[in-house]
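Colleague: Contents of final_37.cif (mmCIF, N, CA and C atoms):
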```cif
data_target
#
loop_
_atom_site.label_atom_id
_atom_site.label_comp_id
_atom_site.auth_asym_id
_atom_site.auth_seq_id
_atom_site.Cartn_x
_atom_site.Cartn_y
_atom_site.Cartn_z
N MET A 1 0.85 -1.19 0.00
CA MET A 1 0.00 0.00 0.00
C MET A 1 0.89 1.25 0.00
N THR A 2 0.67 2.11 -0.95
CA THR A 2 1.47 3.32 -1.07
C THR A 2 0.86 4.43 -0.22
N HIS A 3 1.71 5.08 0.55
CA HIS A 3 1.27 6.18 1.41
C HIS A 3 1.65 7.49 0.74
N GLU A 4 0.65 8.33 0.48
CA GLU A 4 0.93 9.62 -0.12
C GLU A 4 1.50 10.55 0.94
N LEU A 5 2.66 11.12 0.63
CA LEU A 5 3.30 12.03 1.57
C LEU A 5 2.48 13.30 1.75
N ARG A 6 2.41 13.74 2.98
CA ARG A 6 1.75 14.99 3.34
C ARG A 6 2.81 15.97 3.83
N ALA A 7 2.44 17.22 3.93
CA ALA A 7 3.37 18.24 4.42
C ALA A 7 3.96 17.84 5.77
N LYS A 8 3.13 17.28 6.65
CA LYS A 8 3.59 16.90 7.99
C LYS A 8 4.62 15.78 7.94
N ASP A 9 4.65 15.00 6.85
CA ASP A 9 5.63 13.93 6.69
C ASP A 9 6.97 14.47 6.20
N ILE A 10 6.94 15.58 5.51
CA ILE A 10 8.13 16.15 4.87
C ILE A 10 8.83 17.16 5.77
N MET A 11 8.06 17.87 6.57
CA MET A 11 8.56 19.02 7.34
C MET A 11 9.56 18.64 8.42
N THR A 12 10.30 19.65 8.86
CA THR A 12 11.06 19.57 10.10
C THR A 12 10.15 20.17 11.16
N SER A 13 9.86 19.40 12.19
CA SER A 13 8.93 19.88 13.21
C SER A 13 9.65 20.76 14.24
N GLY A 14 8.84 21.46 15.01
CA GLY A 14 9.37 22.26 16.10
C GLY A 14 9.98 23.57 15.69
N ALA A 15 9.40 24.24 14.73
CA ALA A 15 9.92 25.54 14.29
C ALA A 15 9.87 26.55 15.44
N THR A 16 10.93 27.31 15.58
CA THR A 16 11.02 28.35 16.60
C THR A 16 10.71 29.70 15.97
N CYS A 17 9.82 30.45 16.58
CA CYS A 17 9.44 31.78 16.08
C CYS A 17 10.28 32.87 16.73
N VAL A 18 10.48 33.92 15.97
CA VAL A 18 10.95 35.18 16.55
C VAL A 18 9.70 36.03 16.71
N GLY A 19 9.59 36.72 17.82
CA GLY A 19 8.42 37.58 18.04
C GLY A 19 8.45 38.79 17.14
N ALA A 20 7.30 39.22 16.69
CA ALA A 20 7.21 40.38 15.81
C ALA A 20 7.84 41.62 16.42
N HIS A 21 7.84 41.71 17.75
CA HIS A 21 8.39 42.89 18.42
C HIS A 21 9.84 42.72 18.84
N GLN A 22 10.40 41.53 18.60
CA GLN A 22 11.82 41.33 18.89
C GLN A 22 12.65 41.99 17.79
N SER A 23 13.88 42.30 18.11
CA SER A 23 14.73 43.00 17.15
C SER A 23 15.31 42.04 16.11
N LEU A 24 15.78 42.63 15.02
CA LEU A 24 16.47 41.84 14.00
C LEU A 24 17.77 41.27 14.56
N GLN A 25 18.37 41.96 15.51
CA GLN A 25 19.56 41.42 16.16
C GLN A 25 19.19 40.13 16.92
N ASP A 26 18.06 40.15 17.61
CA ASP A 26 17.57 38.94 18.27
C ASP A 26 17.36 37.82 17.25
N ALA A 27 16.73 38.16 16.13
CA ALA A 27 16.46 37.17 15.09
C ALA A 27 17.78 36.59 14.54
N ALA A 28 18.76 37.45 14.32
CA ALA A 28 20.05 36.99 13.80
C ALA A 28 20.73 36.04 14.79
N ARG A 29 20.67 36.38 16.06
CA ARG A 29 21.27 35.50 17.08
C ARG A 29 20.55 34.16 17.14
N MET A 30 19.21 34.20 17.04
CA MET A 30 18.45 32.96 17.05
C MET A 30 18.81 32.10 15.85
N MET A 31 18.94 32.72 14.68
CA MET A 31 19.33 31.97 13.47
C MET A 31 20.70 31.32 13.67
N ARG A 32 21.62 32.09 14.22
CA ARG A 32 22.96 31.55 14.48
C ARG A 32 22.89 30.37 15.43
N ASP A 33 22.20 30.54 16.54
CA ASP A 33 22.13 29.49 17.56
C ASP A 33 21.40 28.24 17.08
N LEU A 34 20.40 28.43 16.22
CA LEU A 34 19.62 27.31 15.70
C LEU A 34 20.20 26.75 14.40
N ASN A 35 21.21 27.44 13.86
CA ASN A 35 21.84 27.05 12.59
C ASN A 35 20.81 26.97 11.46
N VAL A 36 20.03 28.04 11.33
CA VAL A 36 19.02 28.16 10.28
C VAL A 36 19.19 29.49 9.56
N GLY A 37 18.62 29.60 8.38
CA GLY A 37 18.72 30.83 7.60
C GLY A 37 17.43 31.63 7.57
N ALA A 38 16.42 31.15 8.27
CA ALA A 38 15.13 31.85 8.29
C ALA A 38 14.39 31.49 9.56
N LEU A 39 13.55 32.41 9.99
CA LEU A 39 12.70 32.18 11.15
C LEU A 39 11.28 32.65 10.85
N PRO A 40 10.30 31.87 11.29
CA PRO A 40 8.94 32.37 11.22
C PRO A 40 8.80 33.53 12.21
N ILE A 41 7.97 34.49 11.87
CA ILE A 41 7.66 35.61 12.75
C ILE A 41 6.26 35.38 13.30
N CYS A 42 6.14 35.43 14.62
CA CYS A 42 4.84 35.23 15.26
C CYS A 42 4.43 36.51 15.98
N GLY A 43 3.14 36.83 15.90
CA GLY A 43 2.60 38.00 16.57
C GLY A 43 2.34 37.73 18.03
N ASP A 44 1.72 38.70 18.68
CA ASP A 44 1.42 38.60 20.11
C ASP A 44 0.51 37.42 20.44
N ASN A 45 -0.27 36.96 19.46
CA ASN A 45 -1.18 35.84 19.66
C ASN A 45 -0.54 34.50 19.30
N ASN A 46 0.78 34.50 19.08
CA ASN A 46 1.54 33.32 18.68
C ASN A 46 1.13 32.76 17.33
N ARG A 47 0.48 33.55 16.53
CA ARG A 47 0.11 33.13 15.18
C ARG A 47 1.16 33.63 14.20
N LEU A 48 1.38 32.86 13.16
CA LEU A 48 2.35 33.20 12.13
C LEU A 48 1.95 34.50 11.42
N THR A 49 2.88 35.44 11.35
CA THR A 49 2.62 36.70 10.64
C THR A 49 3.59 36.91 9.48
N GLY A 50 4.66 36.13 9.42
CA GLY A 50 5.62 36.32 8.35
C GLY A 50 6.83 35.42 8.52
N LEU A 51 7.84 35.71 7.74
CA LEU A 51 9.08 34.95 7.74
C LEU A 51 10.22 35.93 7.49
N VAL A 52 11.28 35.83 8.27
CA VAL A 52 12.43 36.69 8.07
C VAL A 52 13.63 35.80 7.77
N THR A 53 14.42 36.19 6.78
CA THR A 53 15.61 35.42 6.41
C THR A 53 16.87 36.21 6.75
N ASP A 54 17.97 35.49 6.78
CA ASP A 54 19.24 36.15 7.02
C ASP A 54 19.53 37.17 5.92
N ARG A 55 19.12 36.86 4.71
CA ARG A 55 19.31 37.79 3.59
C ARG A 55 18.48 39.06 3.80
N ASP A 56 17.26 38.91 4.30
CA ASP A 56 16.41 40.07 4.60
C ASP A 56 17.13 41.02 5.55
N ILE A 57 17.74 40.47 6.58
CA ILE A 57 18.43 41.29 7.58
C ILE A 57 19.60 42.03 6.97
N VAL A 58 20.37 41.33 6.15
CA VAL A 58 21.54 41.96 5.53
C VAL A 58 21.13 43.02 4.52
N VAL A 59 20.22 42.68 3.62
CA VAL A 59 19.86 43.59 2.53
C VAL A 59 18.99 44.75 3.00
N SER A 60 18.03 44.48 3.87
CA SER A 60 17.09 45.52 4.28
C SER A 60 17.51 46.31 5.50
N CYS A 61 18.57 45.90 6.13
CA CYS A 61 18.97 46.58 7.36
C CYS A 61 20.46 46.92 7.34
N CYS A 62 21.29 45.92 7.42
CA CYS A 62 22.74 46.15 7.53
C CYS A 62 23.32 46.91 6.34
N ALA A 63 22.87 46.59 5.13
CA ALA A 63 23.40 47.24 3.93
C ALA A 63 23.11 48.74 3.92
N ASP A 64 22.06 49.14 4.61
CA ASP A 64 21.70 50.56 4.69
C ASP A 64 22.27 51.24 5.94
N GLY A 65 23.08 50.51 6.69
CA GLY A 65 23.69 51.08 7.89
C GLY A 65 22.74 51.21 9.06
N VAL A 66 21.64 50.49 9.02
CA VAL A 66 20.66 50.55 10.10
C VAL A 66 21.08 49.54 11.18
N ASP A 67 20.97 49.93 12.42
CA ASP A 67 21.31 49.06 13.55
C ASP A 67 20.24 47.98 13.70
N PRO A 68 20.59 46.70 13.53
CA PRO A 68 19.59 45.63 13.65
C PRO A 68 18.92 45.56 15.01
N ALA A 69 19.55 46.12 16.03
CA ALA A 69 18.94 46.13 17.36
C ALA A 69 17.80 47.13 17.44
N SER A 70 17.71 48.03 16.47
CA SER A 70 16.68 49.08 16.50
C SER A 70 15.48 48.79 15.61
N VAL A 71 15.48 47.63 14.93
CA VAL A 71 14.40 47.30 14.00
C VAL A 71 13.67 46.05 14.48
N GLN A 72 12.35 46.13 14.52
CA GLN A 72 11.55 44.98 14.93
C GLN A 72 11.44 43.97 13.78
N ALA A 73 11.51 42.70 14.12
CA ALA A 73 11.44 41.64 13.11
C ALA A 73 10.17 41.72 12.28
N GLY A 74 9.08 42.11 12.90
CA GLY A 74 7.80 42.18 12.20
C GLY A 74 7.77 43.14 11.03
N THR A 75 8.70 44.09 11.00
CA THR A 75 8.72 45.05 9.89
C THR A 75 9.20 44.41 8.59
N LEU A 76 9.81 43.25 8.67
CA LEU A 76 10.31 42.57 7.46
C LEU A 76 9.48 41.36 7.08
N SER A 77 8.28 41.23 7.61
CA SER A 77 7.51 40.01 7.40
C SER A 77 7.13 39.75 5.94
N GLY A 78 6.85 40.76 5.14
CA GLY A 78 6.57 40.59 3.71
C GLY A 78 5.41 39.67 3.40
N ASP A 79 5.40 39.13 2.18
CA ASP A 79 4.34 38.21 1.75
C ASP A 79 4.44 36.92 2.55
N LEU A 80 3.30 36.41 2.94
CA LEU A 80 3.28 35.20 3.76
C LEU A 80 2.68 34.04 2.97
N HIS A 81 3.47 32.99 2.82
CA HIS A 81 3.01 31.76 2.19
C HIS A 81 3.16 30.66 3.23
N TRP A 82 2.18 29.77 3.31
CA TRP A 82 2.23 28.64 4.23
C TRP A 82 1.42 27.51 3.65
N VAL A 83 1.54 26.34 4.29
CA VAL A 83 0.79 25.18 3.82
C VAL A 83 0.18 24.46 5.02
N ASP A 84 -0.99 23.89 4.83
CA ASP A 84 -1.64 23.09 5.86
C ASP A 84 -0.85 21.79 6.04
N SER A 85 -0.73 21.34 7.27
CA SER A 85 0.03 20.12 7.55
C SER A 85 -0.54 18.89 6.84
N GLU A 86 -1.81 18.93 6.47
CA GLU A 86 -2.45 17.81 5.78
C GLU A 86 -2.34 17.90 4.26
N ALA A 87 -1.76 18.96 3.74
CA ALA A 87 -1.64 19.13 2.29
C ALA A 87 -0.72 18.06 1.71
N SER A 88 -0.96 17.73 0.47
CA SER A 88 -0.14 16.71 -0.20
C SER A 88 1.23 17.28 -0.57
N ALA A 89 2.16 16.37 -0.84
CA ALA A 89 3.49 16.78 -1.29
C ALA A 89 3.38 17.58 -2.58
N ALA A 90 2.44 17.21 -3.44
CA ALA A 90 2.24 17.95 -4.69
C ALA A 90 1.82 19.39 -4.40
N ASP A 91 0.96 19.58 -3.41
CA ASP A 91 0.54 20.93 -3.03
C ASP A 91 1.72 21.74 -2.49
N VAL A 92 2.55 21.09 -1.68
CA VAL A 92 3.75 21.74 -1.14
C VAL A 92 4.62 22.24 -2.28
N LEU A 93 4.90 21.35 -3.23
CA LEU A 93 5.75 21.73 -4.37
C LEU A 93 5.12 22.85 -5.18
N GLU A 94 3.82 22.80 -5.39
CA GLU A 94 3.14 23.84 -6.17
C GLU A 94 3.29 25.20 -5.51
N ILE A 95 3.08 25.27 -4.20
CA ILE A 95 3.21 26.55 -3.49
C ILE A 95 4.64 27.07 -3.57
N MET A 96 5.60 26.20 -3.32
CA MET A 96 7.00 26.63 -3.33
C MET A 96 7.44 27.04 -4.73
N GLU A 97 7.06 26.24 -5.72
CA GLU A 97 7.47 26.52 -7.10
C GLU A 97 6.80 27.78 -7.64
N SER A 98 5.50 27.91 -7.46
CA SER A 98 4.79 29.05 -8.05
C SER A 98 5.18 30.37 -7.40
N ASN A 99 5.65 30.32 -6.16
CA ASN A 99 6.07 31.54 -5.47
C ASN A 99 7.58 31.70 -5.39
N HIS A 100 8.30 30.76 -5.98
CA HIS A 100 9.77 30.77 -5.98
C HIS A 100 10.34 30.94 -4.57
N ILE A 101 9.83 30.10 -3.66
CA ILE A 101 10.30 30.17 -2.28
C ILE A 101 10.98 28.86 -1.89
N LYS A 102 11.96 28.98 -1.00
CA LYS A 102 12.76 27.83 -0.58
C LYS A 102 12.43 27.35 0.81
N ARG A 103 11.57 28.08 1.51
CA ARG A 103 11.17 27.72 2.87
C ARG A 103 9.67 27.96 3.01
N LEU A 104 9.00 27.00 3.62
CA LEU A 104 7.54 27.10 3.71
C LEU A 104 7.07 26.68 5.10
N PRO A 105 6.47 27.61 5.86
CA PRO A 105 5.92 27.24 7.17
C PRO A 105 4.75 26.27 7.02
N VAL A 106 4.62 25.37 7.98
CA VAL A 106 3.54 24.38 7.98
C VAL A 106 2.63 24.66 9.18
N ILE A 107 1.33 24.79 8.89
CA ILE A 107 0.32 25.14 9.89
C ILE A 107 -0.64 23.97 10.08
N ASP A 108 -0.94 23.64 11.34
CA ASP A 108 -1.95 22.64 11.66
C ASP A 108 -3.28 23.38 11.74
N VAL A 109 -3.98 23.43 10.63
CA VAL A 109 -5.22 24.21 10.55
C VAL A 109 -6.28 23.65 11.49
N GLN A 110 -6.45 22.33 11.50
CA GLN A 110 -7.48 21.72 12.36
C GLN A 110 -7.08 21.74 13.83
N GLY A 111 -5.81 21.89 14.12
CA GLY A 111 -5.34 21.89 15.50
C GLY A 111 -5.14 23.28 16.06
N GLY A 112 -5.97 24.21 15.65
CA GLY A 112 -5.90 25.56 16.21
C GLY A 112 -5.06 26.53 15.42
N HIS A 113 -4.77 26.18 14.18
CA HIS A 113 -3.99 27.06 13.30
C HIS A 113 -2.60 27.37 13.89
N ARG A 114 -1.97 26.33 14.45
CA ARG A 114 -0.65 26.47 15.06
C ARG A 114 0.45 26.19 14.05
N LEU A 115 1.56 26.88 14.21
CA LEU A 115 2.76 26.60 13.43
C LEU A 115 3.36 25.31 13.98
N VAL A 116 3.55 24.31 13.12
CA VAL A 116 4.07 23.02 13.59
C VAL A 116 5.41 22.64 12.96
N GLY A 117 5.82 23.36 11.92
CA GLY A 117 7.09 23.02 11.30
C GLY A 117 7.42 23.88 10.10
N MET A 118 8.53 23.53 9.46
CA MET A 118 8.99 24.22 8.25
C MET A 118 9.41 23.19 7.22
N ILE A 119 9.17 23.51 5.97
CA ILE A 119 9.67 22.69 4.86
C ILE A 119 10.70 23.52 4.13
N THR A 120 11.88 22.94 3.92
CA THR A 120 12.97 23.60 3.22
C THR A 120 13.37 22.77 2.00
N GLU A 121 14.29 23.32 1.23
CA GLU A 121 14.83 22.56 0.09
C GLU A 121 15.40 21.22 0.55
N ALA A 122 16.05 21.20 1.70
CA ALA A 122 16.64 19.96 2.20
C ALA A 122 15.56 18.92 2.48
N ASN A 123 14.42 19.36 3.01
CA ASN A 123 13.31 18.43 3.25
C ASN A 123 12.78 17.85 1.94
N VAL A 124 12.70 18.70 0.93
CA VAL A 124 12.25 18.24 -0.39
C VAL A 124 13.23 17.19 -0.92
N ALA A 125 14.53 17.49 -0.84
CA ALA A 125 15.55 16.58 -1.36
C ALA A 125 15.54 15.23 -0.64
N LYS A 126 15.26 15.24 0.65
CA LYS A 126 15.27 14.00 1.43
C LYS A 126 14.04 13.12 1.21
N ASN A 127 12.94 13.72 0.83
CA ASN A 127 11.67 13.00 0.86
C ASN A 127 11.01 12.71 -0.48
N LEU A 128 11.48 13.35 -1.54
CA LEU A 128 10.79 13.19 -2.82
C LEU A 128 11.65 12.46 -3.83
N SER A 129 11.03 12.04 -4.91
CA SER A 129 11.74 11.29 -5.94
C SER A 129 12.72 12.18 -6.69
N ASP A 130 13.66 11.56 -7.39
CA ASP A 130 14.62 12.31 -8.18
C ASP A 130 13.93 13.18 -9.22
N ALA A 131 12.87 12.66 -9.83
CA ALA A 131 12.14 13.42 -10.84
C ALA A 131 11.47 14.64 -10.21
N GLN A 132 10.87 14.47 -9.04
CA GLN A 132 10.23 15.59 -8.36
C GLN A 132 11.27 16.64 -7.94
N ILE A 133 12.42 16.19 -7.47
CA ILE A 133 13.48 17.11 -7.07
C ILE A 133 14.00 17.90 -8.27
N ALA A 134 14.19 17.22 -9.39
CA ALA A 134 14.68 17.89 -10.60
C ALA A 134 13.69 18.95 -11.08
N GLU A 135 12.42 18.60 -11.09
CA GLU A 135 11.41 19.58 -11.51
C GLU A 135 11.35 20.75 -10.53
N PHE A 136 11.41 20.45 -9.24
CA PHE A 136 11.41 21.50 -8.22
C PHE A 136 12.57 22.46 -8.44
N ALA A 137 13.77 21.93 -8.61
CA ALA A 137 14.96 22.78 -8.80
C ALA A 137 14.82 23.63 -10.05
N THR A 138 14.32 23.06 -11.11
CA THR A 138 14.13 23.81 -12.35
C THR A 138 13.16 24.97 -12.14
N ARG A 139 12.06 24.70 -11.47
CA ARG A 139 11.03 25.73 -11.29
C ARG A 139 11.38 26.76 -10.23
N ILE A 140 12.01 26.34 -9.17
CA ILE A 140 12.29 27.26 -8.06
C ILE A 140 13.37 28.27 -8.46
N TYR A 141 14.30 27.84 -9.31
CA TYR A 141 15.38 28.71 -9.69
C TYR A 141 15.15 29.38 -11.04
N ALA A 142 14.00 29.13 -11.65
CA ALA A 142 13.65 29.79 -12.93
C ALA A 142 13.38 31.26 -12.65
N GLU A 143 13.59 32.07 -13.62
CA GLU A 143 13.30 33.50 -13.48
C GLU A 143 11.81 33.71 -13.24
N ALA A 144 11.50 34.52 -12.28
CA ALA A 144 10.08 34.79 -11.95
C ALA A 144 9.46 35.69 -12.99
#
```
I need this file expressed as structure tokens, please.
Modeller:
Amino acid sequence: MTHELRAKDIMTSGATCVGAHQSLQDAARMMRDLNVGALPICGDNNRLTGLVTDRDIVVSCCADGVDPASVQAGTLSGDLHWVDSEASAADVLEIMESNHIKRLPVIDVQGGHRLVGMITEANVAKNLSDAQIAEFATRIYAEA
């Protein structure tokens, strides 16, 4: 019997959020300590409000000479894309490919709309077929 992979099967569980009111310096330290390149941003209600990457911090803050300790993480939240934990692997790939994103927060919609994990390129590479990985790489790195 073949089991269709779901987002919850592919994801890395236990994603750590940076608070929307925490500084970008806090976010950078958390990324360093967790050895990750992105963090979900959660609001006061612990709900996902965005995603901040190490590149966001460098390009939108440091490159302009702005002190990362003086900028709240929530100011860089940008467009928010996420997937339900019950979504199929095909749905995960479609969202990532169509939006040219390399990291995708996973939400347990039926379990109170909680953030339960993240899907990254590494998760895709570990869990999907060679053909799916090749198509993903072609689409994710294609010009938008």
Colleague: Between atom N of Arg29 in chain A and CA of Ile10 in chain A, what is the distance in Å, rounded to a tenth?
Modeller: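 So the two atoms, atom N of Arg29 in chain A and CA of Ile10 in chain A, lie 26.3 Å apart.
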Colleague: Let's see if you can do this: from backbone DSSP, list all helix (DSSP H, G or I) residues in range 82-127 of chain A, as a list in words.
Modeller: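 The helix (DSSP H, G or I) subset of range 82-127 of chain A is Ala89, Ala90, Asp91, Val92, Leu93, Glu94, Ile95, Met96, Glu97, Ser98, Asn99, Glu121, Ala122, Asn123, Val124, Ala125, Lys126 and Asn127 of chain A.
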Colleague: Work out how far atom N of Ala142 in chain A is from atom C of Ala90 in chain A, in Å to one decimal.
Modeller: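 Atom-to-atom, atom C of Ala90 in chain A to atom N of Ala142 in chain A, that is 17.2 Å.
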Colleague: Can you tell me, as a list in words, what residues are no more than 8 Å from Ala87 in chain A when counting all atoms listed in the file, ignoring any on the same chain fewer than 4 positions away?
Modeller: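 Non-adjacent residues within range: Glu4, Leu5, Arg6, Ala7, Lys8, Val83, Asp91 and Val92 of chain A.
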Colleague: Taking all atoms listed in the file into account, name the residue in A:Leu104, A:Leu51, A:Gln132, A:Thr120 that is nearest to Ala73 in chain A.
Modeller: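 Residue with the minimum atom-to-atom distance to Ala73 in chain A: A:Leu51.
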Colleague: So which residues get picked by the PyMOL selection byres (((chain A and resi 52 and name CA) around 7) and name CA) here, written as a list in words?
Modeller: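 Listing what the PyMOL selection byres (((chain A and resi 52 and name CA) around 7) and name CA) selects in the shown file: Ala38, Leu39, Pro40, Ile41, Gly50, Leu51, Thr53, Asp54, Asp56, Leu76 and Ser77 of chain A.
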Colleague: Would you mind telling me which residue in A:Asp130, A:Ser88, A:Tyr141, A:Glu94 lies nearest to Met11 in chain A when using only C-alpha atoms?
Modeller: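 Ranked by minimum distance to Met11 in chain A, first place goes to A:Ser88.
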Colleague: Considering only N, CA and C atoms, can you say which of A:Val109, A:Leu115, A:Ala15, A:Val71 comes closest to Asn46 in chain A?
Modeller: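 Smallest distance to Asn46 in chain A is found for A:Leu115.
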Colleague: Could you write out, as a PyMOL selection string, all the residues of chain A that DSSP marks as strand (DSSP E or B)?
Modeller: chain A and resi 6+12-13+18-19+23+38-42+48-53+72+83-84+88+103-108+114-120
Colleague: Which is closer to Asp44 in chain A than all the others in A:His81, A:Asp64, A:Thr75, A:His21, using all atoms listed in the file?
Modeller: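 Closest to Asp44 in chain A of all the choices is A:His21.
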Colleague: Enter the distance from CA of Met96 in chain A to CA of Phe136 in chain A, in Å, rounded to one decimal.
Modeller: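 CA of Phe136 in chain A lies at a distance of 8.3 Å from CA of Met96 in chain A.
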Colleague: I'd like to know which of A:Gln72, A:Arg114, A:Arg139, A:Asp9 is closest to Leu48 in chain A, using only N, CA and C atoms.
Modeller: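 Looking at the shortest contact to Leu48 in chain A, the residue is A:Arg114.
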Colleague: Padding of 8 Å on every side, edges along x, y and z, all listed atoms of range 89-107 of chain A included: what centre and edge lengths in Å, to one decimal, does that box have, as JSON?
Modeller:
```
{"center_x": 6.1, "center_y": 24.0, "center_z": 1.0, "size_x": 29.4, "size_y": 31.3, "size_z": 34.1}
```
Colleague: Around (19.6, 47.3, 17.0) in the file's own coordinates, what residues are found within 7 Å if you use all atoms listed in the file, given back as a count of residues only?
Modeller: 9
Colleague: For Cys62 in chain A, which of A:Ile140, A:Ala28, A:Gly19, A:Val106 is the closest residue, counting only C-alpha atoms?
Modeller: A:Ala28
Colleague: Need to verify the contact set: Arg55 in chain A, 9 Å, only C-alpha atoms, exclusion of same-chain residues closer than 4 positions in sequence. Can you return it as a PDB file with N, CA and C atoms, keeping the file's coordinate frame?
Modeller:
```pdb
ATOM      1  N   GLY A  37      18.620  29.600   8.380  1.00  0.00           N
ATOM      2  CA  GLY A  37      18.720  30.830   7.600  1.00  0.00           C
ATOM      3  C   GLY A  37      17.430  31.630   7.570  1.00  0.00           C
ATOM      4  N   ALA A  38      16.420  31.150   8.270  1.00  0.00           N
ATOM      5  CA  ALA A  38      15.130  31.850   8.290  1.00  0.00           C
ATOM      6  C   ALA A  38      14.390  31.490   9.560  1.00  0.00           C
ATOM      7  N   VAL A  59      20.220  42.680   3.620  1.00  0.00           N
ATOM      8  CA  VAL A  59      19.860  43.590   2.530  1.00  0.00           C
ATOM      9  C   VAL A  59      18.990  44.750   3.000  1.00  0.00           C
ATOM     10  N   SER A  60      18.030  44.480   3.870  1.00  0.00           N
ATOM     11  CA  SER A  60      17.090  45.520   4.280  1.00  0.00           C
ATOM     12  C   SER A  60      17.510  46.310   5.500  1.00  0.00           C
TER      13      SER A  60
END
```
Colleague: Output: range 16-30 of chain A of the preceding structure, restricted to N, CA, C and O atoms, written as a short mmCIF file (atom, residue, chain, number, x, y, z; two decimals), in the first residue's frame.
Modeller:
```
data_model
loop_
_atom_site.label_atom_id
_atom_site.label_comp_id
_atom_site.auth_asym_id
_atom_site.auth_seq_id
_atom_site.Cartn_x
_atom_site.Cartn_y
_atom_site.Cartn_z
N THR A 16 10.93 27.31 15.58
CA THR A 16 11.02 28.35 16.60
C THR A 16 10.71 29.70 15.97
O THR A 16 11.29 30.04 14.94
N CYS A 17 9.82 30.45 16.58
CA CYS A 17 9.44 31.78 16.08
C CYS A 17 10.28 32.87 16.73
O CYS A 17 10.66 32.76 17.88
N VAL A 18 10.48 33.92 15.97
CA VAL A 18 10.95 35.18 16.55
C VAL A 18 9.70 36.03 16.71
O VAL A 18 8.81 36.02 15.83
N GLY A 19 9.59 36.72 17.82
CA GLY A 19 8.42 37.58 18.04
C GLY A 19 8.45 38.79 17.14
O GLY A 19 9.53 39.33 16.84
N ALA A 20 7.30 39.22 16.69
CA ALA A 20 7.21 40.38 15.81
C ALA A 20 7.84 41.62 16.42
O ALA A 20 8.35 42.48 15.70
N HIS A 21 7.84 41.71 17.75
CA HIS A 21 8.39 42.89 18.42
C HIS A 21 9.84 42.72 18.84
O HIS A 21 10.45 43.65 19.37
N GLN A 22 10.40 41.53 18.60
CA GLN A 22 11.82 41.33 18.89
C GLN A 22 12.65 41.99 17.79
O GLN A 22 12.18 42.20 16.67
N SER A 23 13.88 42.30 18.11
CA SER A 23 14.73 43.00 17.15
C SER A 23 15.31 42.04 16.11
O SER A 23 15.35 40.82 16.31
N LEU A 24 15.78 42.63 15.02
CA LEU A 24 16.47 41.84 14.00
C LEU A 24 17.77 41.27 14.56
O LEU A 24 18.22 40.21 14.13
N GLN A 25 18.37 41.96 15.51
CA GLN A 25 19.56 41.42 16.16
C GLN A 25 19.19 40.13 16.92
O GLN A 25 19.92 39.14 16.85
N ASP A 26 18.06 40.15 17.61
CA ASP A 26 17.57 38.94 18.27
C ASP A 26 17.36 37.82 17.25
O ASP A 26 17.74 36.67 17.49
N ALA A 27 16.73 38.16 16.13
CA ALA A 27 16.46 37.17 15.09
C ALA A 27 17.78 36.59 14.54
O ALA A 27 17.90 35.37 14.36
N ALA A 28 18.76 37.45 14.32
CA ALA A 28 20.05 36.99 13.80
C ALA A 28 20.73 36.04 14.79
O ALA A 28 21.29 35.02 14.40
N ARG A 29 20.67 36.38 16.06
CA ARG A 29 21.27 35.50 17.08
C ARG A 29 20.55 34.16 17.14
O ARG A 29 21.17 33.11 17.29
N MET A 30 19.21 34.20 17.04
CA MET A 30 18.45 32.96 17.05
C MET A 30 18.81 32.10 15.85
O MET A 30 18.99 30.88 15.99
#
```
